[in-house]
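Written below as structure tokens is the structure these notes are about.
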Amino acid sequence: MNEPSLPARALPANRHKTGGRLILAMVAILAVVPFAVPFLWLVASALKPIGQFYAAPPTLLPDPPSLENLAGAVALVDVPRLLANSTLIAGLSVGATVLSASLVGFAFATLPARGRRPLFGILIVTILVPPSATLIPQFILFSRLGWVGSYLPLIVPHLCGSAFFVFLFRQWFLNQPPHLFETAELDGANPLQAWWHIALPLARPAVAAVAVFAFVGSWNDFLGPLLYLREPESFTISLGLAAFQGTYVGQLHYTLALSLVALIPVVAVFAVAQRWLVPGIATGGWRG
Amino acid sequence: MSVASLGRQAATRRRTRGLGLRPRERWFYLLIAPWLIGLVVFQAAPIAGAAGLAFAEWAPPLPIEWVGTSNFEAMVRDDQFWQALGNTLVYGVGTVIPGLALGLGLALLLRGRRRGGSILRGAVFLPAVVSGVATALVWGWILNPRFGLLNAALGLVGIDGPAWLHDPAWAMPALIVMGLWNVGVNVIVYLAALNGVPRELQEAAALDGAGRAARFRHVVWPALTPVTFYLAIVNAIGAFQVFTPTYLLTSGGPDGSTLTLALYTYQNAFAYGRLGYASALAIAVVVALAALVVIQFRFAGRRVVYLGADG
């Protein structure tokens, strides 16, 4: 880990005896247990042969671990197709989000203009608008456009720069030395070129943080696919999983194996990106 | 017409073309255009639409019919609405306040570069990236009255566990626990904010003889108030949207004990085809949340300390 966090031993009061530290470590481990157990239980359950899966009282570990639940689930539903659909939607959403939010954030941070302050105020207010307020008219809009049943309602809105990510990018660019962008302008670059060639490469940690949040948000979205996708072949993994548990009600052993598959990609992305997350949103004390 | 006045007219025309914007301002509006378009198409127009539909009855393909305030009158008499509102408030209070305390406590506990720290942090963050669907299914399994891990563990200490999601008294507490499992987002935000607390301030306080508790109360906590305020509002909004676990696991039951406003709105709009009434419910949620935010600004807003606020 190379996050610029405060090393605990920089403060004099923490310098004393290792006993206190040991207790703190124990407390930390105990506090984390409730977060880890459901995970471990999912993995253990998904790998249990059916006889052990429905044992009461439950056995702790699968003995031996088996992939028969997974194989059974894959035989019932086209899992690779679901994963591919989710990957396509998430990939396009992430690309659209990063480009639009960084562009708008860059403009708010570096280009003075009349009307910028009130517009930024509106941007902040829209972070607070609950999604349920716009849900029904948006659905009507997309059905009028004939987009229901396609991926467009799940992707196109991301081209418009979600307010929170715009805010993150703005904070990031505000914390860069301003002369960076002015020099680019003196060299004859217009703001669009300055954004693409200078700002975006500089913002890599913020890009990583926003990309991870956007990926997780899109991959895990349930209500959107539930409203807009109709054909089972077009389902995302989240929707497919929900549909599966509704169809095969008594087959929880398959459902849990499928749940495990559904979260492997997010966990992998997260494991790779974790170290960028905290620095990416450490945007200078949340100045406004 | 004199030559001079023609010249003046041309100059005015030149200035008004481009709405009187200087080149740099034109670039600003060009670059924020994607957001401005989204603001109008995906936010402003839909909100106006919802506000309009709240005063109408509409079950497509039938024509839209204006009904004045009758949707709101029906809402006041609707027992299910009041139950959903109560449930949502219970869920909100049950997740937001403990979620802030847990988030801050875990961030304080897990910050710094101790050995194994990143593994512990990862274990707390991970649930926050698990989809709502998978979360619901895993917890549904853990809470299973017969085969579940929780009741087996309670059995070991001689407690006969309840039926959780099948028990009207325990279903909502179970949903709250599921919600708190996702507290990792708060931990990430608090860790980021803790990195932003000026180290010189903490060291100066330590040199002045301030103990751990005093340093937290007078140096660290004031610096965390803006982020706490932000999280309180955002978490409250999130709590009002809770949908997936109750849709998947309980469908609002048993006995309506987990019927939330989001689920009730969804049912009205997409299951019962009552778009007007559903819009009225959505507007009620917005009004309730706006009231909540105003209250938060009133009571907490003045205690928020902005460090080096520069605009």
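Residue numbering restarts at 1 for every chain of the structure tokens, chains are lettered A, B, ... in their displayed order, and ligands are numbered from 1 as they appear.
When the distance limit is 9 Å and only C-alpha atoms are what count, the residues near Asn186 of chain B, minus those fewer than 3 positions from it on the same chain, are Gly99, Leu100, Leu102, Gly103, Leu104, Ala107, Asn182, Val183, Val189, Tyr190, Leu191, Leu231 and Asn235 of chain B.
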Margin query: Considering only alpha helix (DSSP H) as DSSP defines it on the backbone, what residues of segment 15-219 of chain A qualify? List them as a count of residues only.
Written below: 147
Worksheet item: So which residues touch segment 42-59 of chain A within 10 Å, counting only C-alpha atoms, skipping near sequence neighbours fewer than 5 positions away, as a PyMOL selection string?
Response: (chain A and resi 37+64-70+251-261) or (chain B and resi 134-135+137-139+141-142+146-149+151-153+155-156)
Output N, CA and C atoms of each residue in that selection to a file, as a compact mmCIF listing (two decimals), in the first residue's frame.
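And here is the file that came out, again00.txt:
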# COMPACT_ATOMS: atom_id res chain seq x y z
N VAL A 37 -17.35 -12.74 7.19
CA VAL A 37 -18.02 -14.03 7.31
C VAL A 37 -19.05 -14.32 6.20
N PRO A 64 -15.54 -32.92 0.00
CA PRO A 64 -14.51 -32.04 -0.58
C PRO A 64 -15.17 -30.90 -1.34
N PRO A 65 -14.45 -29.76 -1.58
CA PRO A 65 -15.02 -28.68 -2.39
C PRO A 65 -15.38 -29.22 -3.77
N SER A 66 -16.55 -28.81 -4.25
CA SER A 66 -16.98 -29.36 -5.54
C SER A 66 -17.58 -28.27 -6.39
N LEU A 67 -17.45 -28.41 -7.69
CA LEU A 67 -18.01 -27.42 -8.61
C LEU A 67 -19.34 -27.90 -9.18
N GLU A 68 -19.97 -28.88 -8.55
CA GLU A 68 -21.18 -29.44 -9.15
C GLU A 68 -22.33 -28.44 -9.17
N ASN A 69 -22.40 -27.56 -8.15
CA ASN A 69 -23.46 -26.53 -8.17
C ASN A 69 -23.28 -25.59 -9.34
N LEU A 70 -22.03 -25.17 -9.53
CA LEU A 70 -21.74 -24.27 -10.63
C LEU A 70 -22.09 -24.92 -11.96
N GLN A 251 -33.92 -24.15 -5.67
CA GLN A 251 -32.55 -24.56 -6.04
C GLN A 251 -31.53 -23.55 -5.56
N LEU A 252 -31.56 -23.26 -4.26
CA LEU A 252 -30.66 -22.24 -3.73
C LEU A 252 -29.20 -22.59 -3.94
N HIS A 253 -28.88 -23.90 -3.99
CA HIS A 253 -27.48 -24.28 -4.17
C HIS A 253 -26.95 -23.79 -5.51
N TYR A 254 -27.83 -23.80 -6.55
CA TYR A 254 -27.41 -23.24 -7.84
C TYR A 254 -27.32 -21.72 -7.77
N THR A 255 -28.34 -21.12 -7.13
CA THR A 255 -28.37 -19.65 -7.06
C THR A 255 -27.11 -19.10 -6.40
N LEU A 256 -26.69 -19.74 -5.31
CA LEU A 256 -25.51 -19.22 -4.61
C LEU A 256 -24.25 -19.41 -5.45
N ALA A 257 -24.14 -20.52 -6.18
CA ALA A 257 -22.98 -20.71 -7.05
C ALA A 257 -22.93 -19.61 -8.10
N LEU A 258 -24.13 -19.26 -8.61
CA LEU A 258 -24.21 -18.19 -9.60
C LEU A 258 -23.86 -16.83 -8.98
N SER A 259 -24.28 -16.62 -7.73
CA SER A 259 -23.93 -15.37 -7.04
C SER A 259 -22.42 -15.23 -6.95
N LEU A 260 -21.76 -16.33 -6.66
CA LEU A 260 -20.30 -16.30 -6.54
C LEU A 260 -19.68 -15.88 -7.87
N VAL A 261 -20.17 -16.45 -8.97
CA VAL A 261 -19.66 -16.10 -10.29
C VAL A 261 -19.90 -14.62 -10.56
N ALA B 134 -26.80 -10.00 -5.21
CA ALA B 134 -25.99 -11.03 -4.56
C ALA B 134 -26.05 -10.86 -3.04
N THR B 135 -25.99 -9.60 -2.57
CA THR B 135 -26.09 -9.35 -1.13
C THR B 135 -27.38 -9.95 -0.58
N LEU B 137 -29.25 -12.32 -1.81
CA LEU B 137 -29.30 -13.77 -1.87
C LEU B 137 -28.43 -14.40 -0.79
N VAL B 138 -27.22 -13.85 -0.58
CA VAL B 138 -26.33 -14.41 0.44
C VAL B 138 -26.95 -14.27 1.82
N TRP B 139 -27.48 -13.08 2.10
CA TRP B 139 -28.07 -12.87 3.42
C TRP B 139 -29.35 -13.67 3.60
N TRP B 141 -29.79 -16.52 2.52
CA TRP B 141 -29.31 -17.86 2.85
C TRP B 141 -28.82 -17.93 4.30
N ILE B 142 -28.07 -16.89 4.71
CA ILE B 142 -27.56 -16.87 6.09
C ILE B 142 -28.72 -16.81 7.08
N ARG B 146 -34.00 -22.53 8.71
CA ARG B 146 -33.64 -23.93 8.94
C ARG B 146 -32.18 -24.24 8.65
N PHE B 147 -31.68 -23.76 7.51
CA PHE B 147 -30.33 -24.13 7.09
C PHE B 147 -29.33 -23.00 7.31
N GLY B 148 -29.80 -21.86 7.85
CA GLY B 148 -28.97 -20.66 7.87
C GLY B 148 -27.87 -20.71 8.91
N LEU B 149 -26.80 -19.96 8.59
CA LEU B 149 -25.65 -19.90 9.48
C LEU B 149 -26.00 -19.21 10.80
N ASN B 151 -28.86 -18.82 12.57
CA ASN B 151 -29.60 -19.58 13.58
C ASN B 151 -28.80 -20.77 14.09
N ALA B 152 -27.92 -21.33 13.24
CA ALA B 152 -27.04 -22.40 13.71
C ALA B 152 -26.10 -21.87 14.77
N ALA B 153 -25.55 -20.66 14.53
CA ALA B 153 -24.63 -20.06 15.51
C ALA B 153 -25.37 -19.74 16.80
N GLY B 155 -27.96 -21.27 17.87
CA GLY B 155 -28.26 -22.55 18.49
C GLY B 155 -27.12 -23.04 19.38
N LEU B 156 -25.89 -22.72 18.95
CA LEU B 156 -24.72 -23.15 19.74
C LEU B 156 -24.73 -22.56 21.13
Would you mind reading off the distance between atom CA of Leu83 of chain A and atom CA of Ala262 of chain A, one decimal, in Å?
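One can read the atom CA of Leu83 of chain A to atom CA of Ala262 of chain A distance as 7.7 Å.
Taking atom CA of Pro34 of chain B as the reference point, atom CA of Pro205 of chain A is found at 22.9 Å.
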**Asked** Which residues come within 12 Å of Gly246 of chain A, counting only C-alpha atoms, excluding same-chain residues fewer than 6 positions away, as number ranges by chain?
**Response** A: 239-240, 252, 255; B: 133, 137, 247-249, 251
**OP:** Determine, counting only C-alpha atoms, which protein, DNA and RNA residues have an atom within 9 Å of an atom of Ala163 of chain A; residues of the same chain fewer than 3 positions away are not included. Present the result as a ChimeraX atom specification.
**Re:** /A:101,123-127,160,166-168 /B:35
